[in-house]
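Below is coords_14.tsv, which holds TSV, C-alpha atoms.
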```tsv
chain	number	residue	atom	x	y	z
G	96	MET	CA	2.09	15.73	-25.23
G	97	SER	CA	3.39	14.93	-21.75
G	98	ARG	CA	1.84	12.09	-19.73
G	99	LEU	CA	3.09	13.65	-16.48
G	100	TYR	CA	2.99	17.42	-16.71
G	101	GLY	CA	0.14	19.92	-16.78
G	102	ASP	CA	0.02	23.70	-16.92
G	103	ASN	CA	0.98	24.21	-13.26
G	104	HIS	CA	3.97	21.89	-13.55
G	105	ARG	CA	5.08	23.80	-16.63
G	106	LEU	CA	4.80	27.14	-14.83
G	107	LEU	CA	7.14	25.95	-12.08
G	108	GLN	CA	9.50	24.35	-14.59
G	109	GLU	CA	9.70	27.66	-16.46
G	110	GLN	CA	10.22	29.58	-13.19
G	111	PHE	CA	13.17	27.38	-12.17
G	112	GLU	CA	14.42	26.74	-15.73
G	113	THR	CA	14.00	22.96	-15.46
G	114	ARG	CA	11.60	22.27	-18.35
G	115	ARG	CA	14.23	20.76	-20.63
G	116	MET	CA	15.50	18.57	-17.80
G	117	ALA	CA	11.96	17.51	-16.85
G	118	ASP	CA	11.22	16.54	-20.45
G	119	ALA	CA	14.46	14.57	-20.66
G	120	ILE	CA	13.64	12.68	-17.46
G	121	GLU	CA	10.16	11.80	-18.77
G	122	ASN	CA	11.60	10.62	-22.08
G	123	VAL	CA	14.24	8.47	-20.42
G	124	ALA	CA	12.53	7.11	-17.30
G	125	LEU	CA	8.81	6.89	-18.04
G	126	GLU	CA	7.42	3.48	-19.01
G	127	THR	CA	3.86	2.35	-19.62
G	128	GLU	CA	4.56	-1.30	-18.81
G	129	VAL	CA	6.29	-3.14	-15.97
G	130	VAL	CA	9.54	-3.79	-17.79
G	131	GLY	CA	13.05	-4.91	-16.94
G	132	GLU	CA	13.96	-4.88	-13.27
G	133	HIS	CA	10.70	-3.22	-12.19
G	134	LYS	CA	8.91	-6.56	-11.76
G	135	GLY	CA	11.57	-7.99	-9.46
G	136	PHE	CA	11.74	-4.80	-7.43
G	137	ILE	CA	7.97	-4.58	-6.93
G	138	GLU	CA	7.67	-8.24	-5.91
G	139	SER	CA	10.61	-7.94	-3.50
G	140	ARG	CA	8.91	-5.22	-1.44
G	141	ASP	CA	7.13	-5.95	1.84
G	142	MET	CA	5.41	-2.54	1.93
G	143	PHE	CA	4.36	0.37	-0.23
G	144	PHE	CA	2.46	3.64	0.05
G	145	LEU	CA	-0.91	3.87	-1.70
G	146	SER	CA	-2.48	7.17	-2.72
G	147	THR	CA	-6.20	7.43	-3.47
G	148	VAL	CA	-8.77	10.21	-3.80
G	149	ASP	CA	-11.88	10.34	-1.63
G	150	HIS	CA	-15.47	11.40	-2.37
G	151	LYS	CA	-14.62	15.03	-1.60
G	152	GLY	CA	-11.59	15.10	-3.87
G	153	ARG	CA	-9.16	14.90	-0.95
G	154	PRO	CA	-5.99	12.84	-1.34
G	155	THR	CA	-5.44	9.95	1.06
G	156	VAL	CA	-2.15	8.12	1.56
G	157	SER	CA	-2.02	4.71	3.23
G	158	TYR	CA	0.74	2.32	4.22
G	159	LYS	CA	0.19	-1.22	2.92
G	160	GLY	CA	2.32	-4.07	4.28
G	161	GLY	CA	2.72	-7.80	3.80
G	162	ASP	CA	5.39	-10.37	3.12
G	163	PRO	CA	7.65	-9.90	0.06
G	164	GLY	CA	5.62	-10.83	-3.00
G	165	PHE	CA	2.26	-9.65	-1.63
G	166	VAL	CA	2.20	-7.25	-4.57
G	167	LYS	CA	2.26	-9.43	-7.66
G	168	VAL	CA	2.95	-8.50	-11.26
G	169	VAL	CA	0.35	-10.49	-13.20
G	170	ASP	CA	1.51	-9.27	-16.60
G	171	ASP	CA	3.27	-6.27	-18.14
G	172	THR	CA	0.35	-3.95	-17.47
G	173	THR	CA	-1.33	-5.44	-14.39
G	174	VAL	CA	-0.36	-5.65	-10.73
G	175	ILE	CA	-2.46	-6.93	-7.84
G	176	PHE	CA	-2.36	-6.66	-4.07
G	177	PRO	CA	-4.63	-7.85	-1.24
G	178	SER	CA	-6.73	-5.93	1.24
G	179	TYR	CA	-6.24	-7.64	4.59
G	180	ASP	CA	-8.30	-7.18	7.75
G	181	GLY	CA	-8.09	-3.58	8.92
G	182	ASN	CA	-10.00	-1.13	11.07
G	183	GLY	CA	-13.25	-1.53	9.16
G	184	MET	CA	-13.16	1.98	7.71
G	185	PHE	CA	-12.23	0.81	4.18
G	186	LEU	CA	-10.95	4.28	3.31
G	187	SER	CA	-8.65	3.28	0.47
G	188	MET	CA	-10.93	0.60	-0.93
G	189	GLY	CA	-13.97	2.88	-0.77
G	190	ASN	CA	-11.99	5.65	-2.45
G	191	ILE	CA	-11.03	3.34	-5.31
G	192	LYS	CA	-14.66	2.39	-5.85
G	193	GLY	CA	-15.42	6.07	-6.32
G	194	ASN	CA	-12.27	7.12	-8.16
G	195	LYS	CA	-10.15	4.49	-9.89
G	196	ASN	CA	-7.02	6.66	-10.20
G	197	ILE	CA	-4.28	5.65	-7.76
G	198	GLY	CA	-0.57	6.00	-7.13
G	199	MET	CA	1.81	3.44	-5.62
G	200	LEU	CA	5.23	4.27	-4.18
G	201	PHE	CA	7.71	1.44	-3.59
G	202	ILE	CA	10.87	2.15	-1.57
G	203	ASP	CA	13.99	0.21	-0.63
G	204	PHE	CA	15.34	1.80	2.54
G	205	GLU	CA	18.43	-0.41	2.90
G	206	ASN	CA	19.73	0.27	-0.60
G	207	PRO	CA	17.98	3.57	-1.38
G	208	HIS	CA	15.77	3.18	-4.42
G	209	ARG	CA	12.20	4.16	-5.20
G	210	LEU	CA	9.68	3.45	-7.92
G	211	ARG	CA	6.43	5.25	-8.70
G	212	LEU	CA	3.46	3.58	-10.35
G	213	GLN	CA	0.29	5.29	-11.58
G	214	GLY	CA	-2.75	3.35	-12.67
G	215	GLU	CA	-6.46	2.65	-12.59
G	216	ALA	CA	-7.57	0.28	-9.85
G	217	SER	CA	-10.59	-1.94	-9.31
G	218	VAL	CA	-11.71	-3.80	-6.18
G	219	HIS	CA	-12.84	-7.46	-6.28
G	220	ASP	CA	-14.22	-9.88	-3.70
G	221	ASP	CA	-14.76	-12.81	-6.08
G	222	ASP	CA	-11.64	-12.88	-8.23
G	223	PRO	CA	-9.95	-16.33	-8.30
G	224	LEU	CA	-6.64	-14.65	-7.43
G	225	ILE	CA	-7.97	-13.92	-3.94
G	226	ASP	CA	-7.29	-17.57	-3.09
G	227	SER	CA	-3.55	-16.91	-3.39
G	228	TYR	CA	-3.71	-14.73	-0.28
G	229	LYS	CA	-4.59	-16.12	3.13
G	230	GLU	CA	-7.39	-14.15	4.81
G	231	ALA	CA	-7.59	-11.46	2.14
G	232	ASP	CA	-10.94	-9.65	2.16
G	233	LEU	CA	-10.48	-8.13	-1.29
G	234	ILE	CA	-8.15	-8.14	-4.27
G	235	ILE	CA	-7.16	-4.88	-5.95
G	236	LYS	CA	-6.23	-5.03	-9.63
G	237	VAL	CA	-4.24	-2.13	-11.04
G	238	ALA	CA	-4.04	-1.39	-14.75
G	239	VAL	CA	-0.67	0.32	-15.07
G	240	SER	CA	-0.63	3.64	-16.92
G	241	GLU	CA	2.80	5.01	-15.96
G	242	ILE	CA	5.77	3.66	-14.04
G	243	PHE	CA	9.08	5.36	-13.45
G	244	VAL	CA	12.12	5.38	-11.19
G	245	ASN	CA	12.50	8.34	-8.84
G	246	CYS	CA	15.79	9.78	-7.60
G	247	PRO	CA	16.59	8.15	-4.20
G	248	ARG	CA	18.92	10.85	-2.95
G	249	TYR	CA	16.71	11.90	0.00
G	250	VAL	CA	15.78	8.36	1.03
G	251	HIS	CA	17.33	7.77	4.45
G	252	LYS	CA	18.96	4.38	5.05
G	253	TYR	CA	17.10	2.06	7.43
G	254	GLN	CA	17.28	-1.63	8.20
G	255	LYS	CA	14.32	-3.90	8.87
G	256	VAL	CA	14.29	-5.11	12.48
G	257	ASP	CA	11.50	-7.66	12.30
G	258	GLN	CA	8.47	-8.66	10.28
G	259	SER	CA	4.93	-7.99	11.46
G	260	LYS	CA	3.36	-10.93	13.26
G	261	TYR	CA	-0.04	-9.82	11.99
G	262	VAL	CA	0.58	-10.54	8.30
G	263	PRO	CA	-1.52	-13.63	7.39
G	264	ARG	CA	0.72	-16.65	6.73
G	265	THR	CA	-0.22	-20.21	5.81
G	266	GLU	CA	2.12	-21.76	8.39
G	267	CYS	CA	0.54	-20.11	11.43
G	268	ASP	CA	-2.64	-18.60	12.84
G	269	THR	CA	-2.98	-14.84	12.55
G	270	PRO	CA	-3.25	-13.17	15.97
G	271	LEU	CA	-6.04	-10.75	16.75
G	272	ALA	CA	-5.05	-7.12	16.25
G	273	GLY	CA	-3.91	-5.52	19.49
G	274	TRP	CA	-6.52	-2.76	19.43
G	275	LYS	CA	-9.27	-5.36	19.03
G	276	HIS	CA	-8.53	-6.39	22.64
G	277	ILE	CA	-9.65	-2.98	23.96
G	278	ASP	CA	-12.59	-3.34	26.32
G	279	MET	CA	-14.75	-0.51	24.98
G	280	LEU	CA	-14.61	-1.95	21.46
G	281	GLN	CA	-15.75	-5.49	22.20
G	282	GLU	CA	-19.41	-4.88	21.39
G	283	VAL	CA	-18.70	-3.24	18.01
G	284	LEU	CA	-16.26	-5.81	16.60
G	285	PRO	CA	-17.50	-7.66	13.49
G	286	PRO	CA	-18.97	-11.13	14.07
G	287	ARG	CA	-15.81	-12.94	13.02
G	288	ASP	CA	-13.89	-11.25	15.85
G	289	GLN	CA	-16.47	-11.51	18.61
G	290	GLY	CA	-15.10	-13.38	21.64
G	291	ARG	CA	-11.57	-13.70	20.28
G	292	ALA	CA	-10.00	-11.27	22.76
G	293	GLU	CA	-11.01	-13.42	25.73
G	294	LYS	CA	-9.56	-16.50	24.05
G	295	GLU	CA	-6.34	-14.84	22.87
G	296	GLY	CA	-4.83	-13.11	25.87
G	297	GLY	CA	-7.75	-11.21	27.33
G	298	VAL	CA	-9.38	-7.80	27.18
G	299	ILE	CA	-7.36	-4.67	27.94
G	300	THR	CA	-8.03	-0.98	28.54
G	301	MET	CA	-7.27	1.81	26.08
G	302	GLU	CA	-4.42	2.93	28.34
G	303	GLU	CA	-2.89	-0.56	28.33
G	304	TRP	CA	-3.05	-0.64	24.55
G	305	TYR	CA	-1.32	2.75	24.32
G	306	GLU	CA	1.51	1.38	26.44
G	307	LYS	CA	1.85	-1.59	24.10
G	308	VAL	CA	1.99	0.77	21.13
G	309	LYS	CA	4.81	2.72	22.78
G	310	GLU	CA	6.70	-0.56	23.16
G	311	GLY	CA	6.14	-1.40	19.49
G	312	ASP	CA	3.62	-4.18	20.14
G	313	GLY	CA	0.32	-2.56	19.24
```
Mind converting the file's structure to structure tokens?
Amino acid sequence: MSRLYGDNHRLLQEQFETRRMADAIENVALETEVVGEHKGFIESRDMFFLSTVDHKGRPTVSYKGGDPGFVKVVDDTTVIFPSYDGNGMFLSMGNIKGNKNIGMLFIDFENPHRLRLQGEASVHDDDPLIDSYKEADLIIKVAVSEIFVNCPRYVHKYQKVDQSKYVPRTECDTPLAGWKHIDMLQEVLPPRDQGRAEKEGGVITMEEWYEKVKEGDG
């Protein structure tokens, strides 16, 4: 029995006469553990896309970024990543608490390559591994169920211009998020951020923040 395909996949494979090819790809590429070069590739990435499912069954896709190594392979069947300070919505983390099934997509844009990982995730605020990440609010543990390389042919080539100054790093203080300087939001910021805008460059208007975003400094 296939780990990847259901009835609707099979209908399309039959329609386009690709079932034999699809089965061959699953047999050759699909792994259930982080083997070979997968570990090095995952831990070399400074971003990935995370898919989760919300309380209404709707898919959600989020960008997650950090420094290379922020996604760690703990063992052959477990990977972890941090949840850093965000917008307070906790969409992905809340989704995982309600539905543990997730997908992770890792991409190398300079040397086109991509890797898909499926698994069951859990969210922790007291795991000892949280101490390995500066300013992480939560740690997400993923029990790997499937992992496989995807054809990179449609991945456009890009080069990284700069790293985000907002990623928490031990050697420097993490600046306040640009949008947390907006005047109309000052009263609703969480306690840990109250008063920081005035101390770190001042309060700005929504329009001023939009201009910063256009300049790539939001």
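Remark: for Val262 (chain G), the closest of the candidate residues G:Ile235, G:Ala216, G:Leu210, G:Met142 is G:Met142 (distances computed over only C-alpha atoms).
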**OP:** Work out how far CA of Gly273 (chain G) is from CA of Gly313 (chain G), in Å to one decimal.
**Re:** 5.2 Å
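Nearest-residue note for His208 (chain G): choosing from G:Tyr179, G:Phe165, G:Tyr305, G:Phe136, the minimum distance belongs to G:Phe136, counting only C-alpha atoms.
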Original post:
Can you list, as a ChimeraX atom specification, every protein, DNA or RNA residue that comes within 12 Å of Pro154 (chain G) when you count all atoms listed in the file, leaving out same-chain residues fewer than 6 positions away?
Top reply: /G:145-148,186-187,190-191,194,196-198
Original post:
So which residues touch Glu126 (chain G) within 9 Å, counting all atoms listed in the file, skipping near sequence neighbours fewer than 2 positions away, as a ChimeraX atom specification?
Top reply: /G:121-124,128-130,240-243
Original post:
Hey, which of G:Arg105, G:Val218, G:Asp268, G:His133 ends up closest to Ala117 (chain G)? Count all atoms listed in the file.
Top reply: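 Using all atoms listed in the file, the shortest distance to Ala117 (chain G) belongs to G:Arg105.
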